[in-house]
file model02.tsv (TSV, C-alpha atoms)
chain	number	residue	atom	x	y	z
A	1	MET	CA	6.59	5.40	12.01
A	2	ARG	CA	8.81	4.29	9.14
A	3	VAL	CA	8.20	0.69	8.02
A	4	LEU	CA	10.08	-1.64	5.69
A	5	GLY	CA	7.65	-3.85	3.76
A	6	ILE	CA	8.61	-7.16	2.13
A	7	GLU	CA	6.34	-9.09	-0.29
A	8	THR	CA	7.38	-12.59	-1.45
A	9	SER	CA	4.11	-14.54	-1.64
A	10	CYS	CA	4.40	-15.73	-5.25
A	11	GLU	CA	6.39	-14.58	-8.28
A	12	GLU	CA	7.09	-10.93	-7.44
A	13	THR	CA	9.72	-9.72	-5.00
A	14	GLY	CA	8.46	-6.38	-3.70
A	15	VAL	CA	10.16	-4.14	-1.14
A	16	ALA	CA	9.20	-0.65	0.04
A	17	VAL	CA	9.65	1.89	2.82
A	18	TYR	CA	6.51	3.67	3.97
A	19	ASP	CA	6.33	6.48	6.52
A	20	SER	CA	3.09	7.11	8.42
A	21	GLU	CA	3.59	10.88	8.13
A	22	GLN	CA	5.47	11.32	4.85
A	23	GLY	CA	3.91	8.50	2.86
A	24	LEU	CA	5.85	6.33	0.43
A	25	ILE	CA	9.60	6.88	0.70
A	26	SER	CA	10.99	4.30	-1.73
A	27	GLU	CA	10.04	1.07	-3.48
A	28	ALA	CA	11.54	-1.64	-5.67
A	29	LEU	CA	10.00	-4.57	-7.49
A	30	PHE	CA	11.40	-7.55	-9.35
A	31	SER	CA	9.10	-9.75	-11.43
A	32	GLN	CA	9.91	-13.40	-12.15
A	33	ILE	CA	7.68	-13.61	-15.23
A	34	ASP	CA	10.62	-14.26	-17.56
A	35	LEU	CA	11.71	-17.13	-15.30
A	36	HIS	CA	8.33	-18.90	-15.29
A	37	ILE	CA	7.04	-18.09	-18.77
A	38	GLU	CA	8.56	-21.17	-20.39
A	39	TYR	CA	6.65	-23.38	-17.93
A	40	GLY	CA	3.30	-21.67	-18.53
A	41	GLY	CA	2.91	-20.83	-14.83
A	42	VAL	CA	4.71	-20.35	-11.54
A	43	VAL	CA	7.10	-23.11	-10.44
A	44	PRO	CA	7.16	-22.83	-6.60
A	45	GLU	CA	10.74	-24.05	-6.08
A	46	LEU	CA	12.12	-21.67	-8.70
A	47	ALA	CA	10.10	-18.82	-7.20
A	48	SER	CA	11.54	-19.47	-3.73
A	49	ARG	CA	15.12	-19.58	-5.02
A	50	ASP	CA	14.70	-16.33	-6.91
A	51	HIS	CA	13.31	-14.61	-3.82
A	52	VAL	CA	16.45	-15.72	-1.96
A	53	ARG	CA	18.53	-14.16	-4.73
A	54	LYS	CA	16.66	-10.84	-5.04
A	55	THR	CA	15.14	-9.86	-1.67
A	56	ILE	CA	18.23	-8.60	0.13
A	57	PRO	CA	19.58	-6.61	-2.87
A	58	LEU	CA	16.17	-4.92	-3.19
A	59	ILE	CA	16.14	-4.15	0.54
A	60	LYS	CA	19.55	-2.52	0.23
A	61	GLN	CA	18.24	-0.51	-2.71
A	62	VAL	CA	15.23	0.95	-0.89
A	63	LEU	CA	17.17	1.56	2.34
A	64	ALA	CA	19.67	3.62	0.37
A	65	ASP	CA	16.80	5.99	-0.42
A	66	SER	CA	15.59	6.11	3.18
A	67	LYS	CA	17.71	8.55	5.17
A	68	GLU	CA	16.08	7.82	8.52
A	69	PRO	CA	16.12	4.63	10.64
A	70	ILE	CA	13.49	1.93	10.18
A	71	ASP	CA	10.96	1.72	13.04
A	72	GLY	CA	9.34	-1.57	12.09
A	73	VAL	CA	9.31	-4.40	9.55
A	74	ALA	CA	6.27	-5.84	7.77
A	75	TYR	CA	6.42	-9.01	5.70
A	76	THR	CA	3.82	-11.12	3.92
A	77	GLN	CA	2.99	-14.03	6.21
A	78	GLY	CA	0.34	-15.56	3.92
A	79	PRO	CA	-1.50	-16.72	1.98
A	80	GLY	CA	0.80	-17.79	-0.83
A	81	LEU	CA	3.47	-20.32	-1.73
A	82	MET	CA	5.01	-21.80	1.41
A	83	GLY	CA	8.64	-21.61	0.29
A	84	ALA	CA	8.28	-18.10	-1.07
A	85	LEU	CA	6.57	-16.89	2.11
A	86	MET	CA	9.33	-18.39	4.25
A	87	VAL	CA	11.97	-16.34	2.44
A	88	GLY	CA	10.33	-13.00	3.18
A	89	SER	CA	9.29	-14.03	6.69
A	90	ALA	CA	12.77	-15.21	7.66
A	91	ILE	CA	14.49	-12.13	6.25
A	92	GLY	CA	11.95	-9.69	7.67
A	93	ARG	CA	11.89	-11.21	11.15
A	94	SER	CA	15.69	-11.45	11.25
A	95	LEU	CA	16.15	-7.81	10.28
A	96	ALA	CA	13.66	-6.70	12.91
A	97	MET	CA	15.47	-8.68	15.59
A	98	ALA	CA	18.87	-7.31	14.50
A	99	TRP	CA	17.58	-3.71	14.47
A	100	GLY	CA	15.65	-4.08	17.70
A	101	VAL	CA	12.34	-3.02	16.15
A	102	PRO	CA	8.91	-4.72	16.06
A	103	ALA	CA	7.85	-6.91	13.15
A	104	ILE	CA	4.42	-7.80	11.83
A	105	GLY	CA	3.27	-10.61	9.53
A	106	VAL	CA	0.80	-9.16	7.03
A	107	HIS	CA	-2.10	-10.92	5.33
A	108	HIS	CA	-1.47	-10.66	1.58
A	109	MET	CA	-5.11	-9.97	0.74
A	110	GLU	CA	-5.40	-7.33	3.46
A	111	GLY	CA	-2.51	-5.63	1.68
A	112	HIS	CA	-4.48	-5.66	-1.57
A	113	LEU	CA	-7.66	-4.56	0.18
A	114	LEU	CA	-5.93	-1.52	1.70
A	115	ALA	CA	-3.97	-0.57	-1.45
A	116	PRO	CA	-6.63	2.00	-2.56
A	117	MET	CA	-5.88	3.85	0.71
A	118	LEU	CA	-2.63	4.95	-0.92
A	119	GLU	CA	-4.56	7.00	-3.50
A	120	ASN	CA	-6.09	10.47	-3.29
A	121	PRO	CA	-8.95	10.54	-2.61
A	122	ALA	CA	-8.89	7.41	-0.47
A	123	PRO	CA	-12.08	5.49	0.31
A	124	GLN	CA	-13.71	5.89	3.70
A	125	PHE	CA	-15.08	3.02	5.78
A	126	PRO	CA	-17.41	1.27	5.29
A	127	PHE	CA	-16.99	-0.04	1.77
A	128	ILE	CA	-17.48	-3.16	-0.31
A	129	ALA	CA	-14.25	-4.72	-1.56
A	130	LEU	CA	-13.97	-6.87	-4.66
A	131	LEU	CA	-10.69	-8.74	-4.28
A	132	VAL	CA	-9.93	-10.31	-7.62
A	133	SER	CA	-6.61	-11.98	-8.37
A	134	GLY	CA	-5.05	-15.21	-9.53
A	135	GLY	CA	-5.90	-17.02	-6.32
A	136	HIS	CA	-8.92	-15.14	-4.95
A	137	THR	CA	-12.26	-13.75	-6.05
A	138	GLN	CA	-14.08	-12.39	-3.02
A	139	LEU	CA	-16.62	-9.77	-2.04
A	140	VAL	CA	-16.02	-8.38	1.44
A	141	ASP	CA	-18.01	-6.03	3.66
A	142	VAL	CA	-15.30	-3.81	5.18
A	143	ARG	CA	-16.15	-1.75	8.27
A	144	GLY	CA	-12.57	-0.99	9.31
A	145	ILE	CA	-9.11	-2.52	9.23
A	146	GLY	CA	-9.57	-6.12	10.35
A	147	GLN	CA	-13.37	-5.77	10.41
A	148	TYR	CA	-14.17	-8.00	7.47
A	149	ARG	CA	-17.31	-9.97	6.65
A	150	LEU	CA	-17.06	-12.28	3.68
A	151	LEU	CA	-20.07	-11.81	1.40
A	152	GLY	CA	-19.05	-14.03	-1.49
A	153	ASP	CA	-16.18	-16.28	-2.47
A	154	SER	CA	-15.04	-18.33	-5.43
A	155	LEU	CA	-16.23	-21.91	-5.19
A	156	ASP	CA	-13.55	-23.14	-7.61
A	157	ASP	CA	-11.28	-21.20	-9.99
A	158	ALA	CA	-10.61	-17.56	-9.16
A	159	ALA	CA	-11.10	-15.06	-11.98
A	160	GLY	CA	-7.36	-14.54	-12.49
A	161	GLU	CA	-6.78	-18.28	-12.65
A	162	ALA	CA	-9.57	-18.60	-15.21
A	163	PHE	CA	-7.92	-15.87	-17.32
A	164	ASP	CA	-4.61	-17.78	-17.26
A	165	LYS	CA	-6.26	-21.05	-18.26
A	166	ALA	CA	-8.31	-19.47	-21.05
A	167	ALA	CA	-5.15	-17.85	-22.41
A	168	LYS	CA	-3.38	-21.19	-22.41
A	169	MET	CA	-6.27	-22.70	-24.41
A	170	LEU	CA	-5.74	-19.98	-27.02
A	171	GLY	CA	-2.00	-20.57	-27.12
A	172	LEU	CA	-1.17	-17.29	-25.41
A	173	PRO	CA	1.87	-16.97	-23.13
A	174	TYR	CA	1.85	-16.65	-19.33
A	175	PRO	CA	0.62	-14.54	-17.57
A	176	GLY	CA	-2.71	-14.92	-19.33
A	177	GLY	CA	-4.77	-12.01	-17.99
A	178	PRO	CA	-2.96	-9.20	-19.80
A	179	GLN	CA	-2.67	-11.35	-22.95
A	180	ILE	CA	-6.43	-12.04	-23.06
A	181	ALA	CA	-7.19	-8.35	-22.45
A	182	LYS	CA	-4.84	-7.26	-25.22
A	183	LEU	CA	-6.23	-9.78	-27.73
A	184	ALA	CA	-9.83	-8.94	-26.77
A	185	THR	CA	-9.40	-5.37	-28.01
A	186	SER	CA	-9.47	-6.80	-31.56
A	187	GLY	CA	-12.46	-9.04	-30.88
A	188	THR	CA	-15.88	-8.80	-32.52
A	189	PRO	CA	-18.68	-8.19	-29.98
A	190	GLY	CA	-21.55	-10.64	-30.26
A	191	ARG	CA	-19.93	-13.34	-32.38
A	192	PHE	CA	-19.69	-15.63	-29.36
A	193	LYS	CA	-21.93	-15.50	-26.30
A	194	PHE	CA	-20.46	-16.99	-23.14
A	195	PRO	CA	-22.45	-17.74	-19.95
A	196	ARG	CA	-22.45	-15.52	-16.87
A	197	PRO	CA	-22.01	-18.20	-14.18
A	198	MET	CA	-24.15	-18.12	-11.01
A	199	THR	CA	-25.81	-14.81	-11.89
A	200	ASN	CA	-29.25	-16.38	-12.33
A	201	ARG	CA	-29.45	-17.47	-8.69
A	202	PRO	CA	-29.36	-15.61	-5.35
A	203	GLY	CA	-26.11	-15.07	-3.52
A	204	LEU	CA	-22.72	-13.47	-4.06
A	205	ASP	CA	-20.48	-16.49	-4.60
A	206	PHE	CA	-18.50	-17.01	-7.81
A	207	SER	CA	-17.72	-20.00	-10.01
A	208	PHE	CA	-15.58	-19.84	-13.13
A	209	SER	CA	-14.90	-23.54	-13.78
A	210	GLY	CA	-17.95	-23.86	-16.04
A	211	LEU	CA	-16.90	-20.79	-18.02
A	212	LYS	CA	-13.46	-22.33	-18.40
A	213	THR	CA	-15.02	-25.53	-19.78
A	214	PHE	CA	-17.27	-23.54	-22.13
A	215	THR	CA	-14.17	-21.76	-23.45
A	216	LEU	CA	-12.34	-25.04	-23.93
A	217	ASN	CA	-15.27	-26.50	-25.88
A	218	THR	CA	-15.57	-23.35	-28.05
A	219	VAL	CA	-11.86	-23.42	-28.91
A	220	ALA	CA	-12.04	-27.14	-29.71
A	221	ALA	CA	-15.09	-26.69	-31.96
A	222	GLU	CA	-13.46	-23.84	-33.91
A	223	ARG	CA	-10.23	-25.79	-34.25
A	224	GLU	CA	-12.13	-28.84	-35.56
A	225	LYS	CA	-13.80	-26.64	-38.18
A	226	GLY	CA	-10.41	-25.27	-39.16
A	227	SER	CA	-11.56	-21.76	-38.34
A	228	LEU	CA	-9.39	-20.96	-35.31
A	229	ASP	CA	-7.62	-18.08	-37.02
A	230	THR	CA	-6.30	-14.94	-35.35
A	231	GLN	CA	-9.64	-13.10	-35.61
A	232	THR	CA	-11.54	-16.04	-34.12
A	233	GLN	CA	-9.09	-16.19	-31.24
A	234	ALA	CA	-9.65	-12.49	-30.64
A	235	ASP	CA	-13.43	-12.98	-30.76
A	236	ILE	CA	-13.20	-15.79	-28.19
A	237	ALA	CA	-10.95	-13.66	-25.98
A	238	PHE	CA	-13.47	-10.82	-26.15
A	239	ALA	CA	-16.38	-13.12	-25.28
A	240	PHE	CA	-14.48	-14.65	-22.36
A	241	GLU	CA	-13.37	-11.32	-20.92
A	242	ASP	CA	-16.84	-9.85	-21.38
A	243	ALA	CA	-18.38	-12.79	-19.49
A	244	VAL	CA	-15.98	-12.46	-16.56
A	245	VAL	CA	-16.37	-8.68	-16.38
A	246	ASP	CA	-20.15	-8.88	-16.61
A	247	THR	CA	-20.30	-11.57	-13.91
A	248	LEU	CA	-18.15	-9.54	-11.52
A	249	THR	CA	-20.20	-6.41	-12.19
A	250	ILE	CA	-23.53	-8.16	-11.60
A	251	LYS	CA	-22.32	-9.48	-8.25
A	252	CYS	CA	-20.91	-6.09	-7.21
A	253	ARG	CA	-24.22	-4.39	-8.04
A	254	ARG	CA	-26.02	-7.03	-5.98
A	255	ALA	CA	-23.64	-6.48	-3.03
A	256	ILE	CA	-24.20	-2.71	-3.10
A	257	ARG	CA	-27.97	-3.16	-3.11
A	258	GLU	CA	-28.00	-5.83	-0.40
A	259	THR	CA	-25.72	-3.97	2.02
A	260	GLY	CA	-26.71	-0.39	1.27
A	261	ILE	CA	-23.02	0.55	1.15
A	262	SER	CA	-22.30	3.05	-1.61
A	263	SER	CA	-18.51	2.77	-1.84
A	264	LEU	CA	-16.90	-0.02	-3.86
A	265	ILE	CA	-13.19	-0.73	-4.10
A	266	ILE	CA	-11.54	-3.23	-6.43
A	267	ALA	CA	-8.07	-4.60	-5.79
A	268	GLY	CA	-5.80	-7.44	-6.87
A	269	GLY	CA	-4.19	-8.21	-10.21
A	270	VAL	CA	-7.40	-8.46	-12.23
A	271	SER	CA	-8.50	-5.02	-10.97
A	272	ALA	CA	-6.04	-3.52	-13.48
A	273	ASN	CA	-8.24	-4.79	-16.31
A	274	THR	CA	-9.51	-1.71	-18.16
A	275	ALA	CA	-12.75	-3.37	-19.33
A	276	LEU	CA	-13.60	-4.26	-15.73
A	277	ARG	CA	-12.90	-0.74	-14.51
A	278	ALA	CA	-15.05	0.77	-17.25
A	279	LYS	CA	-17.96	-1.58	-16.61
A	280	LEU	CA	-17.86	-1.03	-12.86
A	281	ALA	CA	-17.60	2.75	-13.31
A	282	SER	CA	-20.79	2.70	-15.36
A	283	MET	CA	-22.54	0.47	-12.84
A	284	VAL	CA	-21.69	2.58	-9.76
A	285	LYS	CA	-22.90	5.67	-11.57
A	286	ASP	CA	-26.27	3.99	-12.05
A	287	GLU	CA	-26.31	2.99	-8.36
A	288	ASN	CA	-25.24	6.45	-7.08
A	289	ALA	CA	-22.15	4.80	-5.64
A	290	THR	CA	-18.41	5.53	-5.89
A	291	LEU	CA	-15.62	3.33	-7.26
A	292	TYR	CA	-12.04	3.31	-5.93
A	293	TYR	CA	-9.03	1.34	-7.08
A	294	PRO	CA	-5.23	1.48	-6.80
A	295	ARG	CA	-2.99	2.63	-9.63
A	296	PRO	CA	-2.03	-0.27	-11.95
A	297	GLU	CA	1.39	-0.89	-10.38
A	298	TYR	CA	-0.26	-1.42	-6.98
A	299	CYS	CA	-2.83	-3.89	-8.34
A	300	THR	CA	-0.26	-6.65	-8.69
A	301	ASP	CA	1.84	-7.89	-5.78
A	302	ASN	CA	4.09	-5.16	-4.37
A	303	GLY	CA	5.94	-4.17	-1.22
A	304	VAL	CA	4.13	-0.84	-0.87
A	305	MET	CA	0.81	-2.39	0.12
A	306	ILE	CA	2.55	-4.65	2.66
A	307	ALA	CA	4.45	-1.72	4.18
A	308	TYR	CA	1.23	0.32	4.43
A	309	ALA	CA	-0.90	-2.49	5.91
A	310	GLY	CA	1.89	-3.42	8.33
A	311	CYS	CA	2.33	0.20	9.37
A	312	GLN	CA	-1.34	0.48	10.39
A	313	ARG	CA	-1.10	-2.59	12.62
A	314	LEU	CA	2.28	-1.66	14.08
A	315	LEU	CA	0.92	1.78	14.97
A	316	ALA	CA	-1.88	0.00	16.85
A	317	GLY	CA	0.70	-1.84	18.94
A	318	GLU	CA	0.53	-5.21	17.19
A	319	HIS	CA	3.59	-7.32	16.44
A	320	THR	CA	4.53	-10.88	15.52
A	321	SER	CA	6.56	-13.02	17.93
A	322	LEU	CA	9.99	-14.43	17.18
A	323	GLN	CA	8.35	-17.80	16.54
A	324	PHE	CA	6.89	-16.67	13.23
A	325	ASN	CA	5.17	-19.09	10.88
A	326	ALA	CA	4.16	-18.69	7.26
A	327	LYS	CA	0.51	-19.37	6.44
A	328	PRO	CA	-0.05	-20.61	2.87
A	329	ARG	CA	-3.78	-20.80	3.69
A	330	TRP	CA	-5.15	-17.98	5.83
A	331	PRO	CA	-8.82	-16.86	5.70
A	332	LEU	CA	-9.15	-13.09	5.62
A	333	GLU	CA	-11.96	-13.13	8.17
A	334	ASP	CA	-9.59	-14.69	10.74
A	335	LEU	CA	-7.84	-11.34	11.12
A	336	ALA	CA	-8.49	-9.34	14.26
A	337	PRO	CA	-9.68	-5.72	14.18
A	338	LEU	CA	-7.09	-3.08	14.99
A	339	SER	CA	-6.51	-2.74	18.72
A	340	GLY	CA	-8.92	-0.19	20.12
A	341	ASP	CA	-11.38	-0.44	17.19

call {"tool": "encode", "arguments": {"input": "model02.tsv", "output": "structure tokens"}}
result
Amino acid sequence: MRVLGIETSCEETGVAVYDSEQGLISEALFSQIDLHIEYGGVVPELASRDHVRKTIPLIKQVLADSKEPIDGVAYTQGPGLMGALMVGSAIGRSLAMAWGVPAIGVHHMEGHLLAPMLENPAPQFPFIALLVSGGHTQLVDVRGIGQYRLLGDSLDDAAGEAFDKAAKMLGLPYPGGPQIAKLATSGTPGRFKFPRPMTNRPGLDFSFSGLKTFTLNTVAAEREKGSLDTQTQADIAFAFEDAVVDTLTIKCRRAIRETGISSLIIAGGVSANTALRAKLASMVKDENATLYYPRPEYCTDNGVMIAYAGCQRLLAGEHTSLQFNAKPRWPLEDLAPLSGD
């Protein structure tokens, strides 16, 4: 089955064609970072308008590389920005109706969760998934596609959101995660010690609001002393990143021990962070476990993961009715297992 995938949940317009037998056929991605950078974050109305402008040209681009007919269409149905989701949903459902092929609305985080399946070797079920992005920080027990049990969730700010806010405190441009990571490479280990939130109590939930406040207070104190120079900013960035990475690693270790599952995957934008990958690699080695993650370009939002996830559900006979609806809020555990599983 050859599937067209469309991703328009936030500030990236991603389109791809995936074939169940041949793999990835073609892909295209347009990032709106330059559009939103002057505002310090994503402006939903501007994001929606840019998706209107870019989605169809990108579809034409990937279809030009696909010599065979499309057998199905997958589009991101949620979660995400309502206006942005409606663009991809409307275009995807309309194309499917015009072509006479089935369409499927894909859960954005299921797309991220399955992205490591595009790599070689791919993880085998069951595995623990750490989904870590701008809007989500979750630990999930994954027994199969659609067989998800939420182990831990963010009670406030997600890790990616905390990265963006910490970067803004340091005067760094949007998006903050890569900026913090880049600055942290020049930081001095040990100069600042930031807390590891919720690691001194049982459970697998996350909370980064207190860490965000601690960062704000540290920046304010250094600024008041007149010592917020470039090196101090780098030292704060290092301490912040180290705290987030350590917190995520502690919770992942706890999840592996509590479930007895020895495969861990990480996915979502923050999973591209090299410090996080290195720390988790060391941890799984200690736990006799295995770590999987997608290549960096599939960590952020992209059409490939949507095409792949949609293909699996279309192959199982699922489809979305003509009366589609975007879902800006959509719990992952609400998804049904694949038909026949």

call {"tool": "atom_distance", "arguments": {"input": "model02.tsv", "atom1": "atom CA of Ala289 of chain A", "atom2": "atom CA of Ser263 of chain A"}}
result
5.6 Å

call {"tool": "closest_residue", "arguments": {"input": "model02.tsv", "among": "A:Ile261, A:Val244, A:Leu170, A:Leu280", "to": "Thr218 of chain A", "atoms": "only C-alpha atoms"}}
result
A:Leu170

call {"tool": "closest_residue", "arguments": {"input": "model02.tsv", "among": "A:Thr137, A:Ile265, A:Val15, A:Arg2", "to": "Lys67 of chain A", "atoms": "only C-alpha atoms"}}
result
A:Arg2

call {"tool": "residues_around", "arguments": {"input": "model02.tsv", "residues": "segment 129-134 of chain A", "least_positions_apart": "5", "cutoff": "7 Å", "atoms": "all atoms listed in the file", "output": "PyMOL selection string"}}
result
chain A and resi 113+139-142+158-161+264-271

call {"tool": "closest_residue", "arguments": {"input": "model02.tsv", "among": "A:Ala237, A:Pro178, A:Glu224, A:Asp286", "to": "Arg257 of chain A", "atoms": "all atoms listed in the file"}}
result
A:Asp286

call {"tool": "closest_residue", "arguments": {"input": "model02.tsv", "among": "A:Gly72, A:Gly83, A:Gly14, A:Gly23", "to": "Ala47 of chain A", "atoms": "only C-alpha atoms"}}
result
A:Gly83

call {"tool": "residues_near_point", "arguments": {"input": "model02.tsv", "point": "(18.1, -4.5, 11.2)", "cutoff": "12 Å", "atoms": "all atoms listed in the file", "output": "count of residues only"}}
result
24

call {"tool": "closest_residue", "arguments": {"input": "model02.tsv", "among": "A:Ser26, A:Ser89, A:Gln32, A:Ser48", "to": "Ser66 of chain A", "atoms": "all atoms listed in the file"}}
result
A:Ser26

call {"tool": "closest_residue", "arguments": {"input": "model02.tsv", "among": "A:Lys225, A:Glu241, A:Asp205, A:Met198", "to": "Ala167 of chain A", "atoms": "only C-alpha atoms"}}
result
A:Glu241

call {"tool": "atom_distance", "arguments": {"input": "model02.tsv", "atom1": "atom CA of Val87 of chain A", "atom2": "atom CA of Pro173 of chain A"}}
result
27.5 Å

call {"tool": "residues_around", "arguments": {"input": "model02.tsv", "residues": "Ser9 of chain A", "least_positions_apart": "6", "cutoff": "7 Å", "atoms": "only C-alpha atoms", "output": "ChimeraX atom specification"}}
result
/A:76,78,80-81,84-85

call {"tool": "write_last_selection", "arguments": {"input": "model02.tsv", "atoms": "C-alpha atoms", "output": "mmCIF file, keeping the file's coordinate frame"}}
result
data_model
loop_
_atom_site.group_PDB
_atom_site.id
_atom_site.type_symbol
_atom_site.label_atom_id
_atom_site.label_comp_id
_atom_site.auth_asym_id
_atom_site.auth_seq_id
_atom_site.Cartn_x
_atom_site.Cartn_y
_atom_site.Cartn_z
ATOM 1 C CA THR A 76 3.820 -11.120 3.920
ATOM 2 C CA GLY A 78 0.340 -15.560 3.920
ATOM 3 C CA GLY A 80 0.800 -17.790 -0.830
ATOM 4 C CA LEU A 81 3.470 -20.320 -1.730
ATOM 5 C CA ALA A 84 8.280 -18.100 -1.070
ATOM 6 C CA LEU A 85 6.570 -16.890 2.110
#

call {"tool": "atom_distance", "arguments": {"input": "model02.tsv", "atom1": "atom CA of Leu118 of chain A", "atom2": "atom CA of Glu21 of chain A"}}
result
12.5 Å

call {"tool": "residues_around", "arguments": {"input": "model02.tsv", "residues": "Asn273 of chain A", "least_positions_apart": "4", "cutoff": "10 Å", "atoms": "only C-alpha atoms", "output": "count of residues only"}}
result
11

call {"tool": "residues_near_point", "arguments": {"input": "model02.tsv", "point": "(4.6, -9.2, 1.6)", "cutoff": "6 Å", "atoms": "all atoms listed in the file", "output": "PyMOL selection string"}}
result
chain A and resi 6-8+75-76+303+306

call {"tool": "closest_atom_pairs", "arguments": {"input": "model02.tsv", "of": "segment 126-221 of chain A", "to": "segment 316-335 of chain A", "cutoff": "9 Å", "atoms": "all atoms listed in the file", "output": "JSON lines"}}
result
{"residue": "A:Gly146", "atom": "CA", "partner": "A:Leu335", "partner_atom": "CA", "distance": 5.6}
{"residue": "A:Gln147", "atom": "CA", "partner": "A:Glu333", "partner_atom": "CA", "distance": 7.8}
{"residue": "A:Tyr148", "atom": "CA", "partner": "A:Glu333", "partner_atom": "CA", "distance": 5.6}
{"residue": "A:Arg149", "atom": "CA", "partner": "A:Glu333", "partner_atom": "CA", "distance": 6.4}
{"residue": "A:Leu150", "atom": "CA", "partner": "A:Glu333", "partner_atom": "CA", "distance": 6.8}

call {"tool": "axis_aligned_box", "arguments": {"input": "model02.tsv", "around": "segment 226-242 of chain A", "padding_each_side": "5 Å", "output": "JSON"}}
result
{"center_x": -11.6, "center_y": -17.6, "center_z": -30.0, "size_x": 20.5, "size_y": 25.4, "size_z": 28.2}

call {"tool": "decode", "arguments": {"input": "model02.tsv", "residues": "segment 148-198 of chain A", "atoms": "C-alpha atoms", "output": "compact mmCIF listing (two decimals), in the first residue's frame"}}
result
# COMPACT_ATOMS: atom_id res chain seq x y z
CA TYR A 148 -0.67 1.95 25.04
CA ARG A 149 -0.64 2.28 28.82
CA LEU A 150 0.37 5.66 30.15
CA LEU A 151 2.96 5.25 32.91
CA GLY A 152 3.84 8.90 33.52
CA ASP A 153 2.85 12.30 32.23
CA SER A 154 3.86 15.92 32.66
CA LEU A 155 1.80 17.63 35.34
CA ASP A 156 2.59 21.10 33.95
CA ASP A 157 5.24 22.22 31.45
CA ALA A 158 6.56 19.62 29.04
CA ALA A 159 10.34 19.34 28.74
CA GLY A 160 10.43 21.03 25.33
CA GLU A 161 8.31 23.89 26.60
CA ALA A 162 10.64 24.29 29.58
CA PHE A 163 13.63 24.45 27.20
CA ASP A 164 11.95 27.23 25.21
CA LYS A 165 11.13 29.23 28.33
CA ALA A 166 14.61 28.84 29.81
CA ALA A 167 16.11 30.00 26.52
CA LYS A 168 13.90 33.07 26.55
CA MET A 169 15.11 33.89 30.08
CA LEU A 170 18.68 33.82 28.76
CA GLY A 171 17.80 36.01 25.80
CA LEU A 172 18.19 33.21 23.27
CA PRO A 173 16.04 33.10 20.12
CA TYR A 174 13.19 30.68 19.39
CA PRO A 175 13.20 27.67 19.19
CA GLY A 176 14.93 27.39 22.53
CA GLY A 177 15.87 23.71 22.76
CA PRO A 178 18.65 23.71 20.16
CA GLN A 179 19.88 27.11 21.41
CA ILE A 180 20.18 25.88 25.01
CA ALA A 181 21.95 22.71 23.86
CA LYS A 182 24.41 24.67 21.74
CA LEU A 183 25.19 27.16 24.53
CA ALA A 184 25.50 24.37 27.11
CA THR A 185 28.48 22.88 25.26
CA SER A 186 30.51 25.87 26.55
CA GLY A 187 29.17 25.58 30.09
CA THR A 188 31.18 24.77 33.21
CA PRO A 189 29.95 21.60 34.97
CA GLY A 190 29.24 22.06 38.65
CA ARG A 191 29.12 25.86 38.84
CA PHE A 192 25.34 25.76 39.22
CA LYS A 193 23.33 22.86 40.63
CA PHE A 194 19.70 22.72 39.55
CA PRO A 195 17.04 20.46 41.12
CA ARG A 196 15.85 17.19 39.60
CA PRO A 197 12.08 17.63 40.05
CA MET A 198 9.94 14.76 41.37
